[in-house]
Each structure stands twice: as structure tokens, then as C-alpha cells.
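K.L.:
Contents are mmCIF, C-alpha atoms and all ligand atoms; file name protein26.cif:
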data_work
loop_
_atom_site.label_atom_id
_atom_site.label_comp_id
_atom_site.auth_asym_id
_atom_site.auth_seq_id
_atom_site.Cartn_x
_atom_site.Cartn_y
_atom_site.Cartn_z
CA MET A 1 28.83 0.34 -26.32
CA PRO A 2 25.08 -0.01 -27.02
CA VAL A 3 22.93 2.61 -25.29
CA LYS A 4 20.45 1.02 -22.90
CA LYS A 5 16.89 2.06 -23.71
CA VAL A 6 15.22 3.82 -20.79
CA ILE A 7 11.78 2.29 -20.17
CA PRO A 8 9.42 4.48 -18.09
CA ILE A 9 8.69 2.98 -14.68
CA LEU A 10 4.94 2.83 -15.32
CA ASP A 11 5.59 0.69 -18.42
CA GLN A 12 7.88 -1.58 -16.41
CA VAL A 13 5.20 -2.03 -13.75
CA ARG A 14 2.57 -2.80 -16.39
CA GLU A 15 4.93 -5.36 -17.89
CA SER A 16 5.48 -6.98 -14.48
CA LEU A 17 1.72 -7.19 -13.96
CA ARG A 18 1.27 -9.26 -17.13
CA SER A 19 2.22 -12.30 -15.05
CA ALA A 20 0.07 -11.30 -12.05
CA ALA A 21 -2.70 -13.83 -12.83
CA ALA A 22 -0.15 -16.65 -13.10
CA HIS A 23 1.43 -15.42 -9.85
CA ARG A 24 -1.94 -15.61 -8.09
CA ARG A 25 -2.65 -19.09 -9.43
CA ARG A 26 0.81 -20.24 -8.28
CA THR A 27 0.90 -18.61 -4.82
CA GLY A 28 -2.80 -18.12 -3.99
CA ARG A 29 -2.26 -14.39 -3.36
CA PRO A 30 -2.14 -11.27 -5.55
CA PHE A 31 1.11 -9.85 -6.93
CA VAL A 32 1.97 -7.01 -4.52
CA THR A 33 3.39 -3.61 -5.48
CA LEU A 34 4.47 -1.44 -2.56
CA SER A 35 4.36 2.22 -3.57
CA TYR A 36 4.84 5.31 -1.43
CA ALA A 37 6.62 8.65 -1.27
CA GLN A 38 9.30 9.57 1.23
CA SER A 39 11.60 12.49 1.98
CA LEU A 40 15.40 12.24 1.65
CA ASP A 41 15.62 11.20 5.30
CA GLY A 42 13.03 8.42 4.93
CA SER A 43 10.04 10.23 6.41
CA ILE A 44 6.59 9.40 5.09
CA ALA A 45 4.83 12.18 7.02
CA ASP A 46 5.63 15.01 9.41
CA ARG A 47 4.18 13.08 12.34
CA PRO A 48 1.72 10.19 12.73
CA GLY A 49 -1.83 11.12 11.90
CA ARG A 50 -0.86 14.15 9.83
CA PRO A 51 -0.91 14.25 6.02
CA LEU A 52 2.10 15.67 4.17
CA ALA A 53 2.18 16.14 0.41
CA LEU A 54 5.62 14.92 -0.68
CA SER A 55 5.30 14.07 -4.39
CA GLY A 56 5.24 16.66 -7.15
CA PRO A 57 2.49 16.63 -9.83
CA GLN A 58 4.29 14.25 -12.21
CA ALA A 59 4.96 11.67 -9.50
CA MET A 60 1.34 12.03 -8.39
CA ALA A 61 0.22 11.26 -11.95
CA LEU A 62 2.44 8.15 -11.86
CA THR A 63 0.72 7.09 -8.63
CA HIS A 64 -2.66 7.38 -10.34
CA GLY A 65 -1.31 5.39 -13.31
CA LEU A 66 -0.21 2.70 -10.86
CA ARG A 67 -3.63 2.70 -9.21
CA ALA A 68 -5.30 2.22 -12.60
CA SER A 69 -2.97 -0.71 -13.35
CA HIS A 70 -3.80 -2.72 -10.21
CA ALA A 71 -6.98 -4.64 -9.38
CA ALA A 72 -6.97 -3.49 -5.74
CA ILE A 73 -5.33 -0.88 -3.50
CA LEU A 74 -4.68 -1.26 0.23
CA VAL A 75 -4.02 1.19 3.09
CA GLY A 76 -4.04 0.98 6.87
CA ILE A 77 -6.69 2.60 9.03
CA GLY A 78 -4.05 5.13 10.20
CA THR A 79 -3.91 6.50 6.65
CA VAL A 80 -7.70 6.67 6.35
CA LEU A 81 -7.89 8.64 9.61
CA ALA A 82 -4.97 10.95 8.71
CA ASP A 83 -5.56 11.61 5.00
CA ASN A 84 -9.18 10.60 4.32
CA PRO A 85 -8.05 9.40 0.84
CA ARG A 86 -10.29 8.41 -2.07
CA LEU A 87 -7.74 5.96 -3.53
CA ASN A 88 -9.40 6.29 -6.94
CA VAL A 89 -8.00 7.30 -10.34
CA ARG A 90 -8.40 10.99 -11.14
CA LEU A 91 -5.20 12.29 -12.75
CA VAL A 92 -5.08 9.81 -15.64
CA GLU A 93 -7.62 7.76 -17.57
CA GLY A 94 -8.25 4.30 -16.18
CA PRO A 95 -10.36 2.09 -13.93
CA ASP A 96 -10.54 2.53 -10.16
CA PRO A 97 -9.00 -0.28 -8.12
CA GLN A 98 -10.93 -2.06 -5.35
CA PRO A 99 -10.07 -0.22 -2.09
CA VAL A 100 -9.08 -2.40 0.87
CA VAL A 101 -8.57 -1.03 4.40
CA VAL A 102 -6.80 -2.93 7.18
CA ASP A 103 -8.63 -2.04 10.39
CA SER A 104 -8.62 -4.55 13.28
CA ARG A 105 -10.81 -2.44 15.60
CA LEU A 106 -13.20 -1.01 13.00
CA ARG A 107 -12.15 2.60 13.60
CA PHE A 108 -13.17 3.35 9.99
CA PRO A 109 -15.16 6.62 10.23
CA PRO A 110 -18.64 7.10 8.70
CA TYR A 111 -17.51 10.36 7.01
CA ALA A 112 -14.72 8.60 5.05
CA ASN A 113 -14.37 9.67 1.43
CA LEU A 114 -13.94 5.99 0.56
CA LEU A 115 -17.69 5.59 1.14
CA LYS A 116 -18.36 8.15 -1.63
CA ASN A 117 -16.53 6.20 -4.32
CA SER A 118 -17.98 4.18 -7.17
CA ARG A 119 -16.42 1.06 -5.59
CA SER A 120 -17.35 0.35 -1.99
CA PRO A 121 -14.38 -0.29 0.31
CA LEU A 122 -13.55 -3.72 1.68
CA ILE A 123 -12.63 -3.36 5.35
CA ALA A 124 -10.55 -6.24 6.73
CA THR A 125 -10.98 -6.70 10.46
CA ASN A 126 -10.65 -9.28 13.24
CA THR A 127 -13.19 -11.61 14.84
CA GLY A 128 -13.22 -9.52 18.03
CA ALA A 129 -14.37 -6.34 16.25
CA ASP A 130 -17.50 -4.65 17.54
CA ALA A 131 -20.65 -6.10 15.88
CA GLU A 132 -22.56 -2.80 16.00
CA ARG A 133 -19.75 -0.93 14.26
CA ARG A 134 -19.69 -3.63 11.65
CA GLN A 135 -23.42 -3.30 11.02
CA ALA A 136 -23.17 0.50 10.81
CA LEU A 137 -20.35 0.31 8.27
CA GLU A 138 -22.21 -2.24 6.18
CA ALA A 139 -25.31 -0.04 6.29
CA ALA A 140 -23.11 2.85 5.07
CA GLY A 141 -22.06 0.77 2.05
CA ALA A 142 -18.79 -0.86 3.14
CA ARG A 143 -18.08 -4.57 2.92
CA VAL A 144 -16.54 -5.97 6.08
CA LEU A 145 -14.30 -9.03 5.95
CA VAL A 146 -13.81 -10.72 9.33
CA LEU A 147 -10.61 -12.75 9.76
CA PRO A 148 -9.20 -14.60 12.81
CA GLY A 149 -6.41 -12.03 13.33
CA ASN A 150 -2.84 -12.28 14.54
CA ASN A 151 -1.83 -10.76 17.90
CA GLY A 152 -4.66 -8.26 17.67
CA TRP A 153 -3.78 -7.16 14.15
CA VAL A 154 -5.13 -8.27 10.78
CA ASP A 155 -3.20 -11.31 9.56
CA LEU A 156 -1.81 -10.10 6.24
CA PRO A 157 -1.03 -13.51 4.66
CA ASP A 158 -4.59 -14.56 5.50
CA LEU A 159 -6.02 -11.37 4.01
CA LEU A 160 -3.98 -11.77 0.83
CA LYS A 161 -5.14 -15.36 0.50
CA HIS A 162 -8.72 -14.11 0.76
CA LEU A 163 -8.09 -11.45 -1.91
CA GLY A 164 -6.58 -14.19 -4.08
CA SER A 165 -9.75 -16.25 -3.66
CA MET A 166 -11.69 -13.21 -4.91
CA SER A 167 -9.63 -13.45 -8.16
CA ILE A 168 -7.75 -10.23 -7.34
CA ASN A 169 -4.51 -10.66 -9.28
CA SER A 170 -2.66 -7.49 -8.30
CA LEU A 171 -2.58 -5.32 -5.19
CA MET A 172 -0.99 -1.90 -4.72
CA VAL A 173 -0.06 -1.12 -1.10
CA GLU A 174 0.07 2.65 -0.55
CA GLY A 175 0.78 3.00 3.18
CA GLY A 176 1.14 4.19 5.82
CA ALA A 177 4.25 3.48 7.84
CA GLN A 178 2.99 0.54 9.92
CA ILE A 179 1.39 -1.21 6.97
CA ILE A 180 4.53 -0.77 4.84
CA THR A 181 6.64 -2.16 7.70
CA SER A 182 4.29 -5.14 8.16
CA PHE A 183 4.26 -6.02 4.45
CA LEU A 184 8.06 -5.84 4.29
CA ALA A 185 8.54 -7.76 7.55
CA SER A 186 6.17 -10.48 6.24
CA ARG A 187 8.01 -10.55 2.89
CA LEU A 188 4.76 -10.03 1.05
CA VAL A 189 6.17 -7.49 -1.44
CA ASP A 190 6.96 -8.41 -5.05
CA GLN A 191 8.04 -4.99 -6.30
CA VAL A 192 8.63 -1.53 -4.86
CA VAL A 193 7.96 1.83 -6.53
CA LEU A 194 9.42 4.51 -4.33
CA THR A 195 9.20 8.26 -4.90
CA ILE A 196 11.96 10.23 -3.19
CA ALA A 197 11.12 13.92 -2.80
CA PRO A 198 14.08 16.27 -2.39
CA LEU A 199 13.34 17.59 1.07
CA LEU A 200 14.24 16.78 4.66
CA VAL A 201 11.40 16.25 7.10
CA GLY A 202 12.74 14.46 10.18
CA GLY A 203 9.27 13.06 10.75
CA LEU A 204 7.49 9.67 10.77
CA ARG A 205 10.05 7.08 9.68
CA VAL A 206 8.61 4.81 7.00
CA VAL A 207 10.17 1.47 8.03
CA ASN A 208 10.74 1.00 11.72
CA HIS A 209 11.59 -2.71 12.12
CA LEU A 210 12.04 -5.73 9.91
CA GLY A 211 12.16 -8.50 12.50
CA PRO A 212 14.75 -9.60 15.09
CA SER A 213 18.21 -8.30 14.13
CA SER A 214 20.03 -11.57 14.99
CA ARG A 215 18.24 -13.44 12.19
CA ARG A 216 17.79 -10.53 9.86
CA ARG A 217 19.23 -10.16 6.41
CA PHE A 218 18.95 -6.76 4.79
CA PRO A 219 16.64 -7.11 1.79
CA ARG A 220 18.13 -5.40 -1.22
CA LEU A 221 16.24 -4.29 -4.32
CA THR A 222 17.31 -5.94 -7.55
CA HIS A 223 16.43 -5.21 -11.20
CA LEU A 224 16.63 -1.54 -10.27
CA SER A 225 15.61 1.35 -12.43
CA TYR A 226 15.31 5.06 -11.80
CA GLN A 227 13.32 7.86 -13.38
CA GLN A 228 13.27 11.56 -12.67
CA LEU A 229 9.77 13.03 -12.58
CA GLY A 230 9.86 16.80 -12.05
CA ASP A 231 11.99 17.31 -8.93
CA ASP A 232 11.36 13.77 -7.64
CA LEU A 233 13.38 10.62 -8.15
CA VAL A 234 11.32 7.47 -8.68
CA LEU A 235 12.91 4.09 -8.17
CA ARG A 236 11.60 0.62 -9.02
CA GLY A 237 13.03 -2.67 -7.86
CA GLU A 238 12.25 -6.20 -6.70
CA PRO A 239 13.19 -7.26 -3.16
CA ASP A 240 15.79 -9.99 -2.82
CA TRP A 241 14.85 -11.36 0.58
CA ASP A 242 18.05 -13.34 1.01
CA GLY A 243 20.15 -10.36 -0.07
N1 LIG B 1 3.98 9.45 1.86
C1 LIG B 1 3.16 8.47 1.52
O1 LIG B 1 3.29 7.87 0.44
C2 LIG B 1 2.07 8.06 2.46
C3 LIG B 1 1.12 7.10 2.06
C4 LIG B 1 0.13 6.71 2.97
C5 LIG B 1 0.13 7.25 4.24
N2 LIG B 1 1.06 8.18 4.60
C6 LIG B 1 1.07 8.74 5.97
O2 LIG B 1 1.28 7.68 6.89
C7 LIG B 1 0.65 8.05 8.13
C8 LIG B 1 -0.20 6.86 8.58
O3 LIG B 1 0.66 5.78 8.86
P1 LIG B 1 0.44 4.93 10.17
O4 LIG B 1 1.63 4.06 10.33
O5 LIG B 1 0.06 5.86 11.27
O6 LIG B 1 -0.88 4.09 9.81
P2 LIG B 1 -1.19 2.95 8.73
O7 LIG B 1 0.03 2.18 8.41
O8 LIG B 1 -1.97 3.56 7.62
O9 LIG B 1 -2.22 2.03 9.56
C9 LIG B 1 -1.70 1.32 10.66
C10 LIG B 1 -2.84 0.73 11.45
O10 LIG B 1 -3.44 -0.35 10.72
C11 LIG B 1 -3.93 -1.29 11.65
N3 LIG B 1 -3.42 -2.63 11.37
C12 LIG B 1 -4.16 -3.76 11.47
N4 LIG B 1 -3.44 -4.82 11.13
C13 LIG B 1 -2.20 -4.38 10.81
C14 LIG B 1 -1.02 -5.05 10.40
N5 LIG B 1 -0.97 -6.38 10.20
N6 LIG B 1 0.10 -4.31 10.18
C15 LIG B 1 0.08 -2.97 10.35
N7 LIG B 1 -1.04 -2.28 10.75
C16 LIG B 1 -2.17 -2.98 10.97
C17 LIG B 1 -3.46 -0.85 13.05
O11 LIG B 1 -4.53 -0.15 13.65
P3 LIG B 1 -5.61 -1.00 14.52
O12 LIG B 1 -4.82 -1.63 15.64
O13 LIG B 1 -6.61 -0.01 14.96
O14 LIG B 1 -6.14 -2.01 13.56
C18 LIG B 1 -2.36 0.13 12.75
O15 LIG B 1 -2.20 1.11 13.74
C19 LIG B 1 -0.18 9.28 7.90
O16 LIG B 1 0.48 10.40 8.46
C20 LIG B 1 -0.23 9.37 6.38
O17 LIG B 1 -0.32 10.72 5.95
C21 LIG B 1 2.02 8.60 3.75
#
Kindly present the structure from the file in C-alpha cells form.

P.N.:
Amino acid sequence: MPVKKVIPILDQVRESLRSAAAHRRRTGRPFVTLSYAQSLDGSIADRPGRPLALSGPQAMALTHGLRASHAAILVGIGTVLADNPRLNVRLVEGPDPQPVVVDSRLRFPPYANLLKNSRSPLIATNTGADAERRQALEAAGARVLVLPGNNGWVDLPDLLKHLGSMSINSLMVEGGAQIITSFLASRLVDQVVLTIAPLLVGGLRVVNHLGPSSRRRFPRLTHLSYQQLGDDLVLRGEPDWDG
């Protein structure tokens, strides 16, 4: 029996992104990679608002490789407030992606590390957001994108359409729990790169609903591959929404 060649997950992701421009032209939105780390019990953090380092150094380097491979990277305001991330590329060589923050009430803080980056963050908010906060953030170097909103939250399909119109071909979504849930519930994910760290946390569950259970099908990942990086298991797959 022929031995199947093991292709590193980063190479597989880069290969998938070769068609990202065509994907954007076809759909009007960027190709979306959802990437995060969880514990064995599906926790993304100890509790909301608290950072927890889950990935080992090799999986962290993969995350930076993924960042360098995407045109933009997106997190929710909860992650900015909890982790104060830079979202840039430091552990490998490569370009920084455009940071995008989903923040319907403009809670983005003036001390955020994202304001110290080479690329100024794009903050997506709603029409009802406070005008003074908006001006202060723009004066601090952020770009604020005002969208109509959906039930008080940022309308993700609308935001992605806007990113598509900015010629952003690929978007990496890094978290946190509510953003991951919203992207999955809206079926806006084209591939998943999941790091599973070998510990039990019993903390903030990463996916907490995927729509009404009567209509729901359980999306399954297809074209699966696995890679061990240090003590972590990294998995890549493509959601089959009708699974
Ligand atoms: N392990 C990992 O890989 C990883 C990665 C990232 C983060 N984290 C952890 O995750 C935690 C943060 O997660 P979180 O769930 O609290 O916050 P989050 O997902 O980062 O941000 C959620 C917030 O974004 C805003 N938002 C606006 N539109 C939204 C939409 N359509 N869908 C979802 N959210 C929308 C809402 O705040 P407004 O109503 O104010 O707009 C919402 O509360 C932290 O503890 C962080 O350390 C872990």
C-alpha cells in the first residue's frame, strides 16, 4: 500500500489560499480561516475576560505563520480587552496582516497594543456607536468602519462584504468564543485550524450555540489532517455545512 505523504498543515493552508482571490471574486467576501486553541474539554480560556496561554511554542509559531499567510486578521472586542493582543507576526518571517476588530459599542481602549502596530487597526462598529469615541479612536490612529448592524451586533456578512470590496482576499479569525460562535453559526468559515492542548480547563466553552436545534445539522469537518506540534495536536479541516 502506498504511504501517504504527510503535508504540514501550514503548507496545506498556504495551498488553500492560492484560490482566495478567485473565492473573493466569486463570493464577494474573503476566504475565511478560523484558527484558535482549545483545551481537551473545549475551553478557550479559564473564564471570560481572562487570557490563558494554551498553545506550546511550536503551535504558537504555526499561528504566526498563519497570520503571515492571510491578508487580514479579525478578533472580537472581548479578546482585545482580555488579551490586549498585537496580532502581528513576530515568531516567523512574514508580513503583518491587517487587524480588524469587531466592536459594536466602541469599547476599544486607547491603550490597546493594536494602536502601536505598523498597521493601524480597522474597527468595525454600528451606526449607533458614540461619535466622540469614534473621533477619539480615529485621532489615536484607528480606522473606524460604521455599518448598519444586526440586533445590536456587527453584521458579519456585511463586514465581510466590505472587506471583500477592500480587495482583502483572505481573513484569519482568531477569536474569542463569541466571535467564533457567530462565524460558525453564520456559516462564514471556509477552513478550520484548531490547536488542541493536552490539558483540562473547565472554563469558557468555545462554541456555545449554532442556531435553533430543531433545524440544526451538525457541521462536520472534511478533508481532515492532523499534525503533532510539541505536545499539541493541530487539526485542519473544511466544514461541511450539510453534514
Ligand atoms: N484560545 C484562543 O485561541 C483564544 C483566542 C482569542 C481569544 N481567546 C479568549 O477568548 C476570550 C474572549 O472571548 P469573548 O467571547 O469574551 O469575546 P470575543 O469573542 O473576542 O468578542 C465578543 C464581543 O464582540 C462584540 N461583537 C460585535 N458583533 C459581534 C458578532 N456579530 N458576534 C459576536 N460578537 C460580536 C460583542 O461585544 P459588543 O456588544 O460590545 O460589541 C461581543 O461581546 C478571552 O478570555 C480570550 O483570552 C482565546

K.L.:
Please identify all protein, DNA and RNA residues within 8 Å of ligand LIG 1 (chain B), counting all atoms listed in the file, and report them as JSON, numbers by chain.

P.N.:
{"A": [35, 36, 37, 38, 43, 44, 45, 46, 47, 48, 49, 50, 51, 52, 53, 54, 55, 75, 76, 77, 78, 79, 80, 81, 82, 83, 102, 103, 104, 105, 106, 107, 125, 150, 152, 153, 154, 155, 156, 174, 175, 176, 177, 178, 179, 180, 181, 182, 183, 195, 204, 206]}

K.L.:
Please provide as an MDAnalysis selection string all residues within 7 Å of Leu199 in chain A, with the sequence filter that same-chain residues fewer than 2 positions apart are discarded (counting all atoms listed in the file).

P.N.:
chainID A and resid 39:40 197 201

K.L.:
Restricting the calculation to all atoms listed in the file, which member of A:Asn126, A:Gln228, A:Asn84, A:Asn169 is positioned closest to Ala72 in chain A?

P.N.:
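With all atoms listed in the file as the atom set, the closest residue is A:Asn169.
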
K.L.:
Give me the residues near Arg90 in chain A as a list in words, where near means some atom within 12 Å (using only C-alpha atoms) and where sequence neighbours in that chain fewer than 4 positions away do not count.

P.N.:
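In the requested form, the answer reads Met60, Ala61, Leu62, Thr63, His64, Gly65, Leu66, Arg67, Ala68, Arg86, Gly94, Pro95, Asp96, Pro97 and Asn117 of chain A.
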
K.L.:
Report the distance between CA of Asp41 in chain A and CA of Leu200 in chain A in Å, rounded to one decimal place.

P.N.:
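Result for CA of Asp41 in chain A versus CA of Leu200 in chain A: 5.8 Å, one decimal.
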
K.L.:
Which is closer to Gly42 in chain A than all the others in A:Pro110, A:Gly28, A:Gly203, A:Pro85, using all atoms listed in the file?

P.N.:
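That would be A:Gly203, the residue with the smallest distance to Gly42 in chain A.
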
K.L.:
For CA of Arg26 in chain A and CA of Ser167 in chain A, quote the distance in Å rounded to one decimal.

P.N.:
12.5 Å

K.L.:
Need the shell around Arg119 in chain A: protein/DNA/RNA residues with any atom at most 10 Å away, counting only C-alpha atoms. Skip same-chain ones fewer than 3 positions apart. Format as a ChimeraX atom specification?

P.N.:
/A:88,96-99,114-116,122,141-142

K.L.:
Could you give me, as a short mmCIF file (atom, residue, chain, number, x, y, z; two decimals) with C-alpha atoms, in the frame of the given file, the residues within 8 Å of range 5-22 of chain A, counting only C-alpha atoms and dropping anything in the same chain fewer than 2 positions from it?

P.N.:
data_model
loop_
_atom_site.label_atom_id
_atom_site.label_comp_id
_atom_site.auth_asym_id
_atom_site.auth_seq_id
_atom_site.Cartn_x
_atom_site.Cartn_y
_atom_site.Cartn_z
CA VAL A 3 22.93 2.61 -25.29
CA ARG A 24 -1.94 -15.61 -8.09
CA ARG A 25 -2.65 -19.09 -9.43
CA ARG A 26 0.81 -20.24 -8.28
CA PRO A 30 -2.14 -11.27 -5.55
CA PHE A 31 1.11 -9.85 -6.93
CA LEU A 62 2.44 8.15 -11.86
CA GLY A 65 -1.31 5.39 -13.31
CA LEU A 66 -0.21 2.70 -10.86
CA SER A 69 -2.97 -0.71 -13.35
CA ASN A 169 -4.51 -10.66 -9.28
CA SER A 170 -2.66 -7.49 -8.30
CA SER A 225 15.61 1.35 -12.43
CA TYR A 226 15.31 5.06 -11.80
CA GLN A 227 13.32 7.86 -13.38
CA VAL A 234 11.32 7.47 -8.68
CA LEU A 235 12.91 4.09 -8.17
CA ARG A 236 11.60 0.62 -9.02
#

K.L.:
To one decimal in Å, tell me the separation between CA of Thr27 in chain A and CA of Leu160 in chain A.

P.N.:
10.1 Å

K.L.:
Could you name the residues that touch Leu229 in chain A at 9 Å or less, counting all atoms listed in the file, but leaving out those on the same chain fewer than 3 positions away, as a PDB file with C-alpha atoms, in the coordinates of the input?

P.N.:
ATOM      1  CA  GLY A  56       5.240  16.660  -7.150  1.00  0.00           C
ATOM      2  CA  PRO A  57       2.490  16.630  -9.830  1.00  0.00           C
ATOM      3  CA  GLN A  58       4.290  14.250 -12.210  1.00  0.00           C
ATOM      4  CA  ALA A  59       4.960  11.670  -9.500  1.00  0.00           C
ATOM      5  CA  LEU A  62       2.440   8.150 -11.860  1.00  0.00           C
ATOM      6  CA  ASP A 232      11.360  13.770  -7.640  1.00  0.00           C
ATOM      7  CA  LEU A 233      13.380  10.620  -8.150  1.00  0.00           C
ATOM      8  CA  VAL A 234      11.320   7.470  -8.680  1.00  0.00           C
TER       9      VAL A 234
END

K.L.:
Pick out the closest residue to Thr33 in chain A from this set: A:Ala112, A:Leu194, A:Leu145, A:Leu87. Count only C-alpha atoms.

P.N.:
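With only C-alpha atoms as the atom set, the closest residue is A:Leu194.
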
K.L.:
For a quick check of understanding, using all atoms listed in the file, which of A:Gly202, A:Pro219, A:Gly128, A:Gly164 has the smallest distance to Val32 in chain A?

P.N.:
A:Gly164

K.L.:
Show me, as lines of an AutoDock Vina configuration file, the centre and edge lengths in Å to one decimal of the axis-aligned box that covers every listed atom of range 148-165 of chain A with 8 Å on each side.

P.N.:
center_x = -5.4
center_y = -11.7
center_z = 6.9
size_x = 24.7
size_y = 25.1
size_z = 38.0
